[in-house]
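Note: the block below is target05.txt and it holds compact mmCIF, C-alpha atoms.
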# COMPACT_ATOMS: atom_id res chain seq x y z
CA SER A 613 268.59 77.98 41.33
CA ALA A 614 270.86 75.03 40.64
CA ARG A 615 272.60 75.45 44.01
CA ALA A 616 269.23 75.78 45.73
CA SER A 617 267.89 72.57 44.18
CA GLU A 618 271.13 70.73 45.04
CA THR A 619 270.95 71.93 48.65
CA ARG A 620 267.29 70.95 48.83
CA GLY A 621 268.11 67.43 47.53
CA LYS A 622 270.88 66.93 50.10
CA THR A 623 268.55 68.07 52.86
CA MET A 624 265.83 65.61 51.76
CA THR A 625 268.38 62.79 51.53
CA LYS A 626 269.59 63.46 55.06
CA ALA A 627 266.02 63.62 56.30
CA ASN A 628 265.13 60.32 54.67
CA GLY A 629 268.25 58.72 56.12
CA VAL A 630 267.40 59.94 59.59
CA ARG A 631 263.82 58.69 59.21
CA ASN A 632 264.98 55.27 58.05
CA VAL A 633 267.32 55.02 61.03
CA VAL A 634 264.54 56.04 63.39
CA ILE A 635 262.14 53.48 61.87
CA SER A 636 264.73 50.71 62.05
CA LEU A 637 265.38 51.48 65.71
CA GLN A 638 261.71 51.33 66.65
CA PRO A 639 260.61 48.08 68.38
CA GLU A 640 258.60 45.63 66.30
CA GLY A 641 256.02 45.17 69.00
CA PRO A 642 255.61 43.89 72.53
CA ARG A 643 257.54 40.67 73.17
CA LEU A 644 257.39 38.34 76.11
CA PRO A 645 260.53 37.71 78.13
CA LEU A 646 262.74 34.99 76.69
CA SER A 647 262.32 32.77 79.73
CA ARG A 648 258.52 32.74 79.36
CA GLU A 649 258.67 31.95 75.64
CA ARG A 650 260.85 28.92 76.24
CA LYS A 651 259.03 27.60 79.26
CA GLY A 652 255.60 27.59 77.68
CA ASN A 653 252.47 27.16 79.76
CA PRO A 654 253.22 24.97 82.79
CA LEU A 655 249.55 24.77 83.72
CA GLY A 656 248.61 23.39 80.31
CA ASP A 657 251.47 20.86 80.39
CA SER A 658 250.42 19.58 83.81
CA ARG A 659 246.82 19.22 82.70
CA SER A 660 247.78 17.28 79.57
CA SER A 661 250.08 14.94 81.53
CA GLY A 662 247.37 14.43 84.15
CA SER A 663 244.77 13.52 81.53
CA ALA A 664 247.21 11.11 79.87
CA THR A 665 247.86 9.42 83.21
CA LEU A 666 244.14 9.07 83.90
CA ARG A 667 243.57 7.64 80.43
CA PHE A 668 246.36 5.12 80.96
CA LEU A 669 244.97 4.05 84.35
CA MET A 670 241.50 3.72 82.83
CA TRP A 671 242.76 1.36 80.11
CA VAL A 672 244.75 -0.70 82.63
CA GLY A 673 241.73 -1.02 84.92
CA LEU A 674 239.51 -1.95 81.98
CA TYR A 675 242.00 -4.62 80.89
CA TYR A 676 242.22 -6.25 84.32
CA GLY A 677 238.48 -6.04 84.86
CA SER A 678 237.56 -7.56 81.50
CA ASN A 679 240.27 -10.22 81.76
CA SER A 680 239.08 -11.30 85.20
CA PHE A 681 235.47 -11.35 84.00
CA VAL A 682 236.31 -13.57 81.01
CA VAL A 683 238.39 -16.02 83.06
CA LEU A 684 235.80 -16.39 85.81
CA THR A 685 232.95 -16.72 83.30
CA ASN A 686 234.82 -19.43 81.36
CA LYS A 687 235.44 -21.35 84.57
CA GLN A 688 231.79 -21.03 85.55
CA LEU A 689 230.57 -22.28 82.17
CA ILE A 690 232.95 -25.20 81.73
CA SER A 691 233.49 -26.62 85.21
CA GLN A 692 230.27 -25.75 87.05
CA MET A 693 227.53 -25.43 84.42
CA GLY A 694 228.52 -28.44 82.31
CA PHE A 695 229.39 -26.57 79.10
CA GLN A 696 231.50 -29.20 77.32
CA PHE A 697 232.42 -27.28 74.15
CA PRO A 698 235.66 -25.33 74.67
CA ILE A 699 236.26 -24.99 70.92
CA LEU A 700 232.82 -23.39 70.48
CA LEU A 701 233.60 -21.10 73.39
CA THR A 702 236.82 -20.05 71.65
CA CYS A 703 234.84 -19.29 68.48
CA MET A 704 232.46 -17.17 70.54
CA HIS A 705 235.44 -15.23 71.89
CA MET A 706 236.67 -14.57 68.36
CA THR A 707 233.21 -13.49 67.18
CA SER A 708 232.85 -11.08 70.09
CA THR A 709 236.26 -9.60 69.30
CA ILE A 710 235.28 -8.98 65.68
CA PHE A 711 231.96 -7.42 66.71
CA PHE A 712 233.40 -4.99 69.25
CA SER A 713 236.28 -4.12 66.91
CA TYR A 714 233.72 -3.22 64.26
CA LEU A 715 231.91 -0.96 66.71
CA MET A 716 235.08 0.80 67.90
CA MET A 717 236.68 1.25 64.45
CA ASP A 718 233.87 1.46 61.88
CA VAL A 719 230.85 2.76 63.76
CA TYR A 720 232.15 5.03 66.54
CA GLN A 721 235.65 5.47 65.03
CA VAL A 722 237.30 5.62 68.43
CA LEU A 723 240.27 3.63 67.14
CA LYS A 724 242.06 4.07 63.82
CA LYS A 725 241.38 1.34 61.28
CA GLU A 726 244.33 -0.07 59.33
CA HIS A 727 244.26 -2.27 56.23
CA LEU A 728 246.44 -5.21 55.27
CA ALA A 729 249.21 -4.20 52.89
CA SER A 730 250.20 -7.44 51.17
CA ALA A 731 249.54 -11.15 50.81
CA GLY A 732 252.61 -11.89 52.91
CA GLN A 733 251.16 -9.86 55.73
CA ARG A 734 247.96 -11.91 55.52
CA ARG A 735 249.94 -15.17 55.78
CA HIS A 736 251.85 -13.88 58.79
CA ILE A 737 248.68 -12.80 60.55
CA GLY A 738 247.10 -16.16 59.73
CA LEU A 739 250.01 -17.93 61.44
CA LEU A 740 249.67 -15.68 64.48
CA ALA A 741 245.92 -16.27 64.51
CA ALA A 742 246.47 -20.05 64.63
CA MET A 743 248.76 -19.66 67.66
CA PHE A 744 246.27 -17.31 69.28
CA ALA A 745 243.38 -19.74 68.75
CA VAL A 746 245.35 -22.72 70.11
CA SER A 747 246.30 -20.69 73.19
CA LEU A 748 242.69 -19.72 73.87
CA MET A 749 241.39 -23.24 73.23
CA CYS A 750 243.93 -24.87 75.54
CA GLY A 751 243.27 -22.25 78.20
CA ASN A 752 239.52 -22.88 78.04
CA TRP A 753 240.00 -26.63 78.04
CA SER A 754 242.20 -26.47 81.13
CA PHE A 755 239.29 -25.09 83.17
CA ARG A 756 237.69 -28.55 83.05
CA TYR A 757 240.60 -30.01 85.02
CA ALA A 758 242.10 -27.12 87.03
CA SER A 759 241.01 -24.15 89.10
CA VAL A 760 241.19 -20.51 88.04
CA ALA A 761 243.91 -19.81 90.60
CA PHE A 762 246.03 -22.63 89.22
CA ALA A 763 245.57 -21.39 85.64
CA GLN A 764 246.59 -17.86 86.60
CA MET A 765 249.65 -19.09 88.45
CA ILE A 766 250.87 -21.07 85.44
CA GLY A 767 250.02 -18.19 83.11
CA ALA A 768 252.27 -15.91 85.17
CA SER A 769 255.27 -17.81 83.77
CA THR A 770 254.67 -16.47 80.23
CA PRO A 771 257.77 -14.16 80.38
CA PHE A 772 259.89 -17.26 80.97
CA PHE A 773 258.62 -18.88 77.76
CA VAL A 774 259.09 -15.61 75.84
CA SER A 775 262.72 -15.37 76.93
CA VAL A 776 263.53 -19.01 76.16
CA LEU A 777 261.72 -19.13 72.81
CA GLY A 778 263.18 -15.79 71.74
CA PHE A 779 266.69 -17.16 72.30
CA ILE A 780 265.94 -20.48 70.57
CA PHE A 781 264.37 -19.04 67.40
CA PHE A 782 266.10 -15.68 66.98
CA GLY A 783 269.03 -15.66 69.41
CA THR A 784 267.52 -12.79 71.41
CA VAL A 785 269.51 -12.04 74.54
CA PHE A 786 268.18 -9.69 77.20
CA ARG A 787 270.00 -7.94 80.00
CA TRP A 788 270.84 -9.97 83.08
CA GLN A 789 268.24 -8.04 85.11
CA VAL A 790 265.52 -9.53 82.90
CA TYR A 791 266.68 -13.09 83.57
CA ALA A 792 267.07 -12.34 87.27
CA THR A 793 263.39 -11.41 87.50
CA LEU A 794 262.39 -14.76 85.95
CA PHE A 795 263.56 -16.73 88.99
CA PRO A 796 261.02 -15.27 91.45
CA ILE A 797 258.29 -15.44 88.79
CA VAL A 798 258.79 -19.11 87.93
CA GLY A 799 259.68 -20.01 91.53
CA GLY A 800 256.55 -18.32 92.83
CA ALA A 801 254.41 -20.19 90.31
CA MET A 802 255.94 -23.52 91.32
CA ILE A 803 255.51 -22.84 95.03
CA SER A 804 251.91 -21.73 94.50
CA THR A 805 251.01 -24.92 92.63
CA TYR A 806 252.41 -27.13 95.39
CA GLY A 807 249.56 -28.68 97.31
CA GLU A 808 246.94 -27.64 94.73
CA LEU A 809 243.89 -29.77 95.50
CA ASN A 810 242.40 -29.60 92.01
CA LEU A 811 245.69 -30.31 90.20
CA THR A 812 245.47 -32.94 87.45
CA ILE A 813 247.89 -33.98 84.74
CA LEU A 814 245.50 -32.91 81.98
CA GLY A 815 244.92 -29.52 83.61
CA LEU A 816 248.67 -28.97 83.90
CA PHE A 817 249.23 -30.06 80.29
CA PHE A 818 246.56 -27.80 78.79
CA GLN A 819 247.62 -24.81 80.84
CA LEU A 820 251.29 -25.28 79.94
CA ALA A 821 250.29 -25.64 76.28
CA ALA A 822 248.28 -22.40 76.48
CA THR A 823 251.17 -20.55 78.10
CA PHE A 824 253.69 -21.98 75.61
CA THR A 825 251.66 -20.96 72.54
CA ARG A 826 251.01 -17.53 74.05
CA GLY A 827 254.74 -17.00 74.44
CA LEU A 828 255.37 -18.37 70.94
CA LYS A 829 252.87 -15.91 69.47
CA THR A 830 254.52 -13.02 71.31
CA VAL A 831 257.97 -13.96 69.97
CA TRP A 832 256.89 -14.46 66.37
CA GLN A 833 254.66 -11.41 66.39
CA GLY A 834 257.64 -9.07 66.64
CA HIS A 835 259.51 -11.02 63.94
CA LEU A 836 256.77 -11.37 61.35
CA LEU A 837 255.23 -7.90 61.52
CA GLN A 838 258.04 -5.42 60.89
CA GLY A 839 258.31 -2.20 58.92
CA GLU A 840 255.27 -1.56 56.74
CA GLU A 841 253.63 -4.82 57.85
CA LYS A 842 253.48 -3.73 61.49
CA LEU A 843 249.98 -3.12 62.87
CA ASN A 844 248.84 -1.57 66.12
CA SER A 845 247.39 -3.85 68.78
CA PRO A 846 243.62 -3.31 68.15
CA ASN A 847 243.92 -3.96 64.41
CA LEU A 848 246.17 -6.96 64.92
CA LEU A 849 243.69 -8.47 67.38
CA ARG A 850 240.84 -7.85 64.94
CA TYR A 851 242.54 -9.55 61.99
CA MET A 852 243.70 -12.48 64.13
CA ALA A 853 240.11 -13.01 65.28
CA MET A 854 238.93 -13.06 61.65
Written as structure tokens, that's how I'd like the structure from this file.
Amino acid sequence: SARASETRGKTMTKANGVRNVVISLQPEGPRLPLSRERKGNPLGDSRSSGSATLRFLMWVGLYYGSNSFVVLTNKQLISQMGFQFPILLTCMHMTSTIFFSYLMMDVYQVLKKEHLASAGQRRHIGLLAAMFAVSLMCGNWSFRYASVAFAQMIGASTPFFVSVLGFIFFGTVFRWQVYATLFPIVGGAMISTYGELNLTILGLFFQLAATFTRGLKTVWQGHLLQGEEKLNSPNLLRYMAM
């Protein structure tokens, strides 16, 4: 009986070992080929990239359309309809910015709302807001003495002021390709202003002041708002308008 039980135990052990080997050799389940797993879904990737491109083009078109509308409306009000209050017009611009920012961030929540982190961040944004307001005010004031085309031509030289002011204040040096592109930009603006019928000294002064302060704001914006104090563009515009 002892030999029979020992033989029976060895037989069961061998059977269990064979079963374990068989189970371990069985496939875990159907798997896709390795090439398909790594490639993903090309149709889904193309759709997502296409929607991102359309969204980008929509925002670019909206920017150019709204910017052209604001410039032409300001020119119509100040130079042709006798509206002699450019500072009030600047305040109306700021109020409209705050209103639409409230709709987009608080009511419809299309854009993410960010809060100010410190008192230093508030001071920095206040300084940027002063530059922003001076730029808008000088730009609106220039429409009394210059045409829209002239203002846009001078405004096209903003990258030149950004490069010069960035080097003066912070020693920022760009690649030579960046400086090479400034020559046709500034040269084209100078050639375009030659023979301007509506050119006046005051119009040139206010437009240069608007372009200068716009470039100054761009340079200091990257320096003042760094790390945790950095805000995205919609929130920064909202707080500067306030």
| query | When you draw a straight line from atom CA of A:Gly694 to atom CA of A:Ser747, how long is it in Å? | reply |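 Computed distance, atom CA of A:Gly694 to atom CA of A:Ser747, equals 21.4 Å.
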Any chance you could tabulate, as a tab-separated table, the residues of stretch 685-733 of chain A at most 12 Å from stretch 834-837 of chain A with each one's nearest atom pair and distance in Å to one decimal, using all atoms listed in the file, in chain and rising number order?
residue	atom	partner	partner_atom	distance
A:Leu728	CA	A:Leu837	CA	11.1
A:Ala729	CA	A:Leu837	CA	11.2
A:Ser730	CA	A:Leu837	CA	11.5
A:Gly732	CA	A:Leu836	CA	9.4
A:Gln733	CA	A:Leu837	CA	7.3
| request: One decimal, Å: what's the distance from atom CA of A:Leu666 over to atom CA of A:Ile710, could you say? | output: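 Result for atom CA of A:Leu666 versus atom CA of A:Ile710: 27.1 Å, one decimal.
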| request: In Å, rounded to a single decimal, give me how far atom CA of A:Leu849 is from atom CA of A:Arg756. | output: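 Straight-line distance from atom CA of A:Arg756 to atom CA of A:Leu849 works out to 26.2 Å.
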For the structure just given, write the atoms of stretch 717-728 of chain A, namely all heavy atoms, as a tab-separated table (two decimals), in the first residue's frame.
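Okay, part-v8.tsv is ready:
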chain	number	residue	atom	x	y	z
A	717	MET	N	-14.13	83.83	-19.94
A	717	MET	CA	-13.51	83.08	-18.85
A	717	MET	C	-14.48	82.71	-17.73
A	717	MET	O	-14.41	81.62	-17.18
A	717	MET	CB	-12.34	83.89	-18.26
A	717	MET	CG	-11.22	84.14	-19.23
A	717	MET	SD	-9.87	85.08	-18.47
A	717	MET	CE	-8.83	85.38	-19.90
A	718	ASP	N	-15.39	83.63	-17.39
A	718	ASP	CA	-16.27	83.39	-16.24
A	718	ASP	C	-17.63	82.85	-16.64
A	718	ASP	O	-18.19	82.00	-15.93
A	718	ASP	CB	-16.45	84.70	-15.45
A	718	ASP	CG	-15.15	85.19	-14.85
A	718	ASP	OD1	-14.56	84.45	-14.05
A	718	ASP	OD2	-14.71	86.30	-15.18
A	719	VAL	N	-18.17	83.34	-17.74
A	719	VAL	CA	-19.53	82.92	-18.12
A	719	VAL	C	-19.49	81.65	-18.96
A	719	VAL	O	-20.03	80.61	-18.58
A	719	VAL	CB	-20.24	84.07	-18.88
A	719	VAL	CG1	-21.64	83.62	-19.32
A	719	VAL	CG2	-20.35	85.31	-18.00
A	720	TYR	N	-18.85	81.71	-20.11
A	720	TYR	CA	-18.81	80.56	-21.02
A	720	TYR	C	-17.65	79.61	-20.74
A	720	TYR	O	-17.67	78.47	-21.21
A	720	TYR	CB	-18.75	81.04	-22.48
A	720	TYR	CG	-19.94	81.84	-22.89
A	720	TYR	CD1	-19.85	83.23	-23.04
A	720	TYR	CD2	-21.18	81.24	-23.11
A	720	TYR	CE1	-20.95	83.98	-23.41
A	720	TYR	CE2	-22.28	81.98	-23.48
A	720	TYR	CZ	-22.16	83.35	-23.64
A	720	TYR	OH	-23.25	84.10	-24.01
A	721	GLN	N	-16.64	80.07	-20.01
A	721	GLN	CA	-15.50	79.25	-19.61
A	721	GLN	C	-14.81	78.60	-20.81
A	721	GLN	O	-14.42	77.43	-20.78
A	721	GLN	CB	-15.93	78.19	-18.59
A	721	GLN	CG	-16.45	78.79	-17.31
A	721	GLN	CD	-16.84	77.74	-16.28
A	721	GLN	OE1	-16.81	76.54	-16.58
A	721	GLN	NE2	-17.21	78.17	-15.09
A	722	VAL	N	-14.69	79.37	-21.87
A	722	VAL	CA	-13.96	78.89	-23.05
A	722	VAL	C	-12.45	78.92	-22.79
A	722	VAL	O	-11.71	78.04	-23.25
A	722	VAL	CB	-14.33	79.74	-24.28
A	722	VAL	CG1	-13.54	79.30	-25.51
A	722	VAL	CG2	-15.82	79.65	-24.55
A	723	LEU	N	-12.00	79.92	-22.05
A	723	LEU	CA	-10.59	80.08	-21.72
A	723	LEU	C	-10.39	79.85	-20.22
A	723	LEU	O	-11.28	80.13	-19.42
A	723	LEU	CB	-10.09	81.47	-22.11
A	723	LEU	CG	-10.23	81.84	-23.58
A	723	LEU	CD1	-9.86	83.30	-23.80
A	723	LEU	CD2	-9.36	80.94	-24.45
A	724	LYS	N	-9.23	79.34	-19.86
A	724	LYS	CA	-8.92	79.07	-18.46
A	724	LYS	C	-8.57	80.36	-17.73
A	724	LYS	O	-7.76	81.15	-18.20
A	724	LYS	CB	-7.75	78.08	-18.37
A	724	LYS	CG	-7.40	77.71	-16.94
A	724	LYS	CD	-6.22	76.75	-16.92
A	724	LYS	CE	-5.83	76.42	-15.49
A	724	LYS	NZ	-4.66	75.49	-15.45
A	725	LYS	N	-9.17	80.56	-16.58
A	725	LYS	CA	-8.93	81.75	-15.79
A	725	LYS	C	-7.79	81.49	-14.81
A	725	LYS	O	-7.77	80.48	-14.12
A	725	LYS	CB	-10.20	82.16	-15.03
A	725	LYS	CG	-10.06	83.44	-14.22
A	725	LYS	CD	-11.36	83.77	-13.53
A	725	LYS	CE	-11.22	85.04	-12.69
A	725	LYS	NZ	-12.49	85.37	-11.99
A	726	GLU	N	-6.85	82.43	-14.75
A	726	GLU	CA	-5.72	82.34	-13.83
A	726	GLU	C	-5.75	83.52	-12.88
A	726	GLU	O	-6.21	84.61	-13.23
A	726	GLU	CB	-4.39	82.31	-14.60
A	726	GLU	CG	-4.25	81.10	-15.52
A	726	GLU	CD	-2.93	81.11	-16.26
A	726	GLU	OE1	-2.18	82.09	-16.12
A	726	GLU	OE2	-2.66	80.13	-16.99
A	727	HIS	N	-5.25	83.30	-11.66
A	727	HIS	CA	-5.25	84.34	-10.63
A	727	HIS	C	-3.83	84.84	-10.39
A	727	HIS	O	-2.86	84.12	-10.62
A	727	HIS	CB	-5.85	83.79	-9.33
A	727	HIS	CG	-7.27	83.34	-9.46
A	727	HIS	ND1	-8.34	84.21	-9.42
A	727	HIS	CD2	-7.79	82.09	-9.65
A	727	HIS	CE1	-9.47	83.53	-9.57
A	727	HIS	NE2	-9.16	82.24	-9.70
A	728	LEU	N	-3.74	86.06	-9.89
A	728	LEU	CA	-2.44	86.65	-9.58
A	728	LEU	C	-1.88	85.99	-8.33
A	728	LEU	O	-2.59	85.78	-7.35
A	728	LEU	CB	-2.58	88.15	-9.38
A	728	LEU	CG	-3.08	88.94	-10.61
A	728	LEU	CD1	-3.15	90.42	-10.29
A	728	LEU	CD2	-2.19	88.70	-11.80
